[in-house]
Amino acid sequence: MTTIYMPAQPDHIPALSKIADDTLFPGDMLPDLIAPFLSGAQDQLWIAAVRENIPVGLSFSQAEQLADAVWNMKALAVSPALHRSGVGQGLVRATEDALREIGGRLLVVDTSSDAAQIPAVAFYQSVGYRIEGVVRDFWADGEDRITLTKRL
């Protein structure tokens with residue numbers, strides 16, 4: 001089955017909201033989060049993974065203010081039924097390619113040391129990211145922030 005990676009569109013919102021709700025954050029937050037991008041904001045990038053005209057994943061990146069061509073991937077989510085299918089890797093590649101096209105030079109990802117996020121750290125390392133730093137007790141006592149980066 002072919003997956004297409006494209007800038008998110010308004011008609012993607014219901015499916016992307018469901019994916020967010022199932023994986024990341026309350027889905028009802030998504031319309032407000034994506035609205036600036038859909039209105040032409042240049043400091044955001046939302047990529048949708050689409051199979052058979054149905055969104056199955058999302059990537060959200062935002063430009064870091066006061067940094068030269070640095071972007072932060074704030075969210076990456078794939079429909080739970082498609083975990084380990086390559087859609088996540090495709091979203092990362094599509095995000096990196098889109099950011100390269102607009103002059104991005106560095107992509108940052110922050111995640112957690114929480115046991116549930118350890119597979120995310122391994123995933124990002126498998127697609128070329130390296131751990132740059134750890135901020136102890138950032139998210140909560142005993143839950144560190146792990147920062148990974150990749151040069152674009």
# chains A, B, ... in the order shown; residues from 1 in each chain; ligands from 1

call {"tool": "select_by_dssp", "arguments": {"residues": "chain A", "states": "alpha helix (DSSP H)", "output": "ChimeraX atom specification"}}
result
/A:13-23,30-38,87-101,118-126

call {"tool": "residues_around", "arguments": {"residues": "A:Lys18", "least_positions_apart": "4", "cutoff": "7 Å", "atoms": "only C-alpha atoms", "output": "list in words"}}
result
Pro14, Asp22 and Gly27 of chain A

call {"tool": "write_last_selection", "arguments": {"atoms": "N, CA and C atoms", "output": "PDB file, in the first residue's frame"}}
result
ATOM      1  N   PRO A  14     -10.021  15.972  10.852  1.00  0.00           N
ATOM      2  CA  PRO A  14     -10.709  14.951  11.667  1.00  0.00           C
ATOM      3  C   PRO A  14      -9.867  13.689  11.894  1.00  0.00           C
ATOM      4  N   ASP A  22      -5.333   9.358  19.973  1.00  0.00           N
ATOM      5  CA  ASP A  22      -4.914   7.982  20.258  1.00  0.00           C
ATOM      6  C   ASP A  22      -3.459   7.877  20.704  1.00  0.00           C
ATOM      7  N   GLY A  27      -7.114  15.232  20.989  1.00  0.00           N
ATOM      8  CA  GLY A  27      -7.336  15.562  19.585  1.00  0.00           C
ATOM      9  C   GLY A  27      -8.080  16.856  19.359  1.00  0.00           C
TER      10      GLY A  27
END

call {"tool": "residues_around", "arguments": {"residues": "A:Val92", "least_positions_apart": "2", "cutoff": "10 Å", "atoms": "only C-alpha atoms", "output": "PyMOL selection string"}}
result
chain A and resi 5+47+58-59+73+76+87-90+94-98+124+127

call {"tool": "write_last_selection", "arguments": {"atoms": "N, CA and C atoms", "output": "mmCIF file, in the first residue's frame"}}
result
data_model
loop_
_atom_site.group_PDB
_atom_site.id
_atom_site.type_symbol
_atom_site.label_atom_id
_atom_site.label_comp_id
_atom_site.auth_asym_id
_atom_site.auth_seq_id
_atom_site.Cartn_x
_atom_site.Cartn_y
_atom_site.Cartn_z
ATOM 1 N N TYR A 5 3.151 11.513 1.365
ATOM 2 C CA TYR A 5 3.487 12.490 2.395
ATOM 3 C C TYR A 5 3.292 13.870 1.795
ATOM 4 N N ILE A 47 3.094 17.907 8.244
ATOM 5 C CA ILE A 47 3.105 16.908 7.178
ATOM 6 C C ILE A 47 2.121 15.806 7.558
ATOM 7 N N LEU A 58 1.089 12.026 11.249
ATOM 8 C CA LEU A 58 1.369 13.460 11.189
ATOM 9 C C LEU A 58 2.740 13.757 11.770
ATOM 10 N N SER A 59 3.286 14.846 11.285
ATOM 11 C CA SER A 59 4.515 15.424 11.811
ATOM 12 C C SER A 59 4.274 16.914 11.939
ATOM 13 N N MET A 73 11.007 19.422 15.930
ATOM 14 C CA MET A 73 9.891 18.524 15.633
ATOM 15 C C MET A 73 9.138 18.305 16.942
ATOM 16 N N LEU A 76 5.221 13.777 16.365
ATOM 17 C CA LEU A 76 5.279 12.752 15.328
ATOM 18 C C LEU A 76 4.354 11.646 15.797
ATOM 19 N N VAL A 87 5.734 4.078 8.232
ATOM 20 C CA VAL A 87 5.090 5.384 8.071
ATOM 21 C C VAL A 87 5.830 6.444 8.885
ATOM 22 N N GLY A 88 6.243 6.122 10.100
ATOM 23 C CA GLY A 88 6.984 7.079 10.922
ATOM 24 C C GLY A 88 8.293 7.488 10.271
ATOM 25 N N GLN A 89 9.027 6.510 9.744
ATOM 26 C CA GLN A 89 10.277 6.830 9.036
ATOM 27 C C GLN A 89 9.998 7.714 7.832
ATOM 28 N N GLY A 90 8.922 7.419 7.116
ATOM 29 C CA GLY A 90 8.554 8.238 5.962
ATOM 30 C C GLY A 90 8.208 9.665 6.358
ATOM 31 N N ALA A 94 10.130 12.922 5.045
ATOM 32 C CA ALA A 94 9.371 13.980 4.368
ATOM 33 C C ALA A 94 9.546 15.322 5.078
ATOM 34 N N THR A 95 9.563 15.283 6.398
ATOM 35 C CA THR A 95 9.776 16.505 7.178
ATOM 36 C C THR A 95 11.170 17.062 6.909
ATOM 37 N N GLU A 96 12.170 16.211 6.974
ATOM 38 C CA GLU A 96 13.541 16.657 6.722
ATOM 39 C C GLU A 96 13.682 17.228 5.319
ATOM 40 N N ASP A 97 13.108 16.552 4.326
ATOM 41 C CA ASP A 97 13.196 17.029 2.943
ATOM 42 C C ASP A 97 12.538 18.397 2.784
ATOM 43 N N ALA A 98 11.352 18.558 3.375
ATOM 44 C CA ALA A 98 10.639 19.836 3.270
ATOM 45 C C ALA A 98 11.421 20.956 3.950
ATOM 46 N N TYR A 124 14.410 7.434 16.827
ATOM 47 C CA TYR A 124 15.113 8.594 16.280
ATOM 48 C C TYR A 124 16.579 8.282 16.011
ATOM 49 N N VAL A 127 17.068 6.555 12.699
ATOM 50 C CA VAL A 127 16.937 7.367 11.488
ATOM 51 C C VAL A 127 17.933 8.523 11.480
#

call {"tool": "closest_residue", "arguments": {"among": "A:Ile102, A:Ser113, A:Ala15, A:Asn53", "to": "A:Asp141", "atoms": "only C-alpha atoms"}}
result
A:Ser113

call {"tool": "select_by_dssp", "arguments": {"residues": "chain A", "states": "strand (DSSP E)", "output": "PyMOL selection string"}}
result
chain A and resi 4-7+44-51+54-63+70-78+106-112+130-140+143-151

call {"tool": "write_last_selection", "arguments": {"atoms": "C-alpha atoms", "output": "PDB file, in the first residue's frame"}}
result
ATOM      1  CA  ILE A   4       1.860   9.779   0.288  1.00  0.00           C
ATOM      2  CA  TYR A   5       3.487  12.490   2.395  1.00  0.00           C
ATOM      3  CA  MET A   6       2.116  15.993   1.894  1.00  0.00           C
ATOM      4  CA  PRO A   7       1.491  19.254   3.697  1.00  0.00           C
ATOM      5  CA  GLN A  44       5.327  25.870  11.114  1.00  0.00           C
ATOM      6  CA  LEU A  45       5.342  22.696   9.068  1.00  0.00           C
ATOM      7  CA  TRP A  46       2.651  20.038   9.296  1.00  0.00           C
ATOM      8  CA  ILE A  47       3.105  16.908   7.178  1.00  0.00           C
ATOM      9  CA  ALA A  48       0.383  14.283   6.801  1.00  0.00           C
ATOM     10  CA  ALA A  49       0.951  10.665   5.809  1.00  0.00           C
ATOM     11  CA  VAL A  50      -1.976   9.578   3.646  1.00  0.00           C
ATOM     12  CA  ARG A  51      -3.002   6.088   2.515  1.00  0.00           C
ATOM     13  CA  ILE A  54      -7.055   8.693   4.615  1.00  0.00           C
ATOM     14  CA  PRO A  55      -4.520  10.437   6.872  1.00  0.00           C
ATOM     15  CA  VAL A  56      -2.615   7.846   8.917  1.00  0.00           C
ATOM     16  CA  GLY A  57       0.117   9.967  10.499  1.00  0.00           C
ATOM     17  CA  LEU A  58       1.369  13.460  11.189  1.00  0.00           C
ATOM     18  CA  SER A  59       4.515  15.424  11.811  1.00  0.00           C
ATOM     19  CA  PHE A  60       4.563  18.908  13.303  1.00  0.00           C
ATOM     20  CA  SER A  61       7.692  21.052  13.334  1.00  0.00           C
ATOM     21  CA  GLN A  62       8.194  24.649  14.337  1.00  0.00           C
ATOM     22  CA  ALA A  63      11.016  27.094  13.681  1.00  0.00           C
ATOM     23  CA  VAL A  70      16.795  25.485  13.394  1.00  0.00           C
ATOM     24  CA  TRP A  71      13.509  23.612  13.593  1.00  0.00           C
ATOM     25  CA  ASN A  72      12.014  21.567  16.418  1.00  0.00           C
ATOM     26  CA  MET A  73       9.891  18.524  15.633  1.00  0.00           C
ATOM     27  CA  LYS A  74       7.208  18.924  18.275  1.00  0.00           C
ATOM     28  CA  ALA A  75       5.038  15.965  17.306  1.00  0.00           C
ATOM     29  CA  LEU A  76       5.279  12.752  15.328  1.00  0.00           C
ATOM     30  CA  ALA A  77       2.380  10.319  15.408  1.00  0.00           C
ATOM     31  CA  VAL A  78       1.190   7.336  13.417  1.00  0.00           C
ATOM     32  CA  LEU A 106      19.217  21.503  12.010  1.00  0.00           C
ATOM     33  CA  LEU A 107      16.241  19.538  13.333  1.00  0.00           C
ATOM     34  CA  VAL A 108      15.799  19.075  17.084  1.00  0.00           C
ATOM     35  CA  VAL A 109      13.601  16.494  18.812  1.00  0.00           C
ATOM     36  CA  ASP A 110      12.839  16.476  22.523  1.00  0.00           C
ATOM     37  CA  THR A 111      11.470  13.385  24.205  1.00  0.00           C
ATOM     38  CA  SER A 112      11.346  11.850  27.650  1.00  0.00           C
ATOM     39  CA  ARG A 130      21.994  11.629  17.987  1.00  0.00           C
ATOM     40  CA  ILE A 131      21.507  12.445  21.624  1.00  0.00           C
ATOM     41  CA  GLU A 132      22.886  15.920  22.295  1.00  0.00           C
ATOM     42  CA  GLY A 133      21.851  16.327  25.880  1.00  0.00           C
ATOM     43  CA  VAL A 134      19.798  15.294  28.855  1.00  0.00           C
ATOM     44  CA  VAL A 135      18.104  17.704  31.243  1.00  0.00           C
ATOM     45  CA  ARG A 136      17.505  15.865  34.486  1.00  0.00           C
ATOM     46  CA  ASP A 137      14.050  16.049  36.076  1.00  0.00           C
ATOM     47  CA  PHE A 138      12.756  18.330  33.293  1.00  0.00           C
ATOM     48  CA  TRP A 139       9.280  16.887  32.724  1.00  0.00           C
ATOM     49  CA  ALA A 140       8.878  15.779  36.362  1.00  0.00           C
ATOM     50  CA  GLU A 143      11.661  12.133  34.164  1.00  0.00           C
ATOM     51  CA  ASP A 144      14.416  13.682  32.070  1.00  0.00           C
ATOM     52  CA  ARG A 145      14.223  15.545  28.776  1.00  0.00           C
ATOM     53  CA  ILE A 146      16.313  13.861  26.083  1.00  0.00           C
ATOM     54  CA  THR A 147      17.287  16.145  23.199  1.00  0.00           C
ATOM     55  CA  LEU A 148      18.285  14.617  19.867  1.00  0.00           C
ATOM     56  CA  THR A 149      19.420  16.442  16.735  1.00  0.00           C
ATOM     57  CA  LYS A 150      20.132  15.844  13.076  1.00  0.00           C
ATOM     58  CA  ARG A 151      21.923  18.136  10.621  1.00  0.00           C
TER      59      ARG A 151
END

call {"tool": "closest_residue", "arguments": {"among": "A:Gln9, A:Ser126, A:Thr2, A:Ser17", "to": "A:Glu52", "atoms": "only C-alpha atoms"}}
result
A:Thr2

call {"tool": "closest_residue", "arguments": {"among": "A:Ile118, A:Leu24, A:Ala81, A:Ala8", "to": "A:Gly40", "atoms": "only C-alpha atoms"}}
result
A:Ala8

call {"tool": "atom_distance", "arguments": {"atom1": "atom CA of A:Ala122", "atom2": "atom CA of A:His12"}}
result
28.7 Å

call {"tool": "closest_residue", "arguments": {"among": "A:Thr23, A:Leu16, A:Leu99, A:Thr3", "to": "A:Asp43", "atoms": "only C-alpha atoms"}}
result
A:Leu99
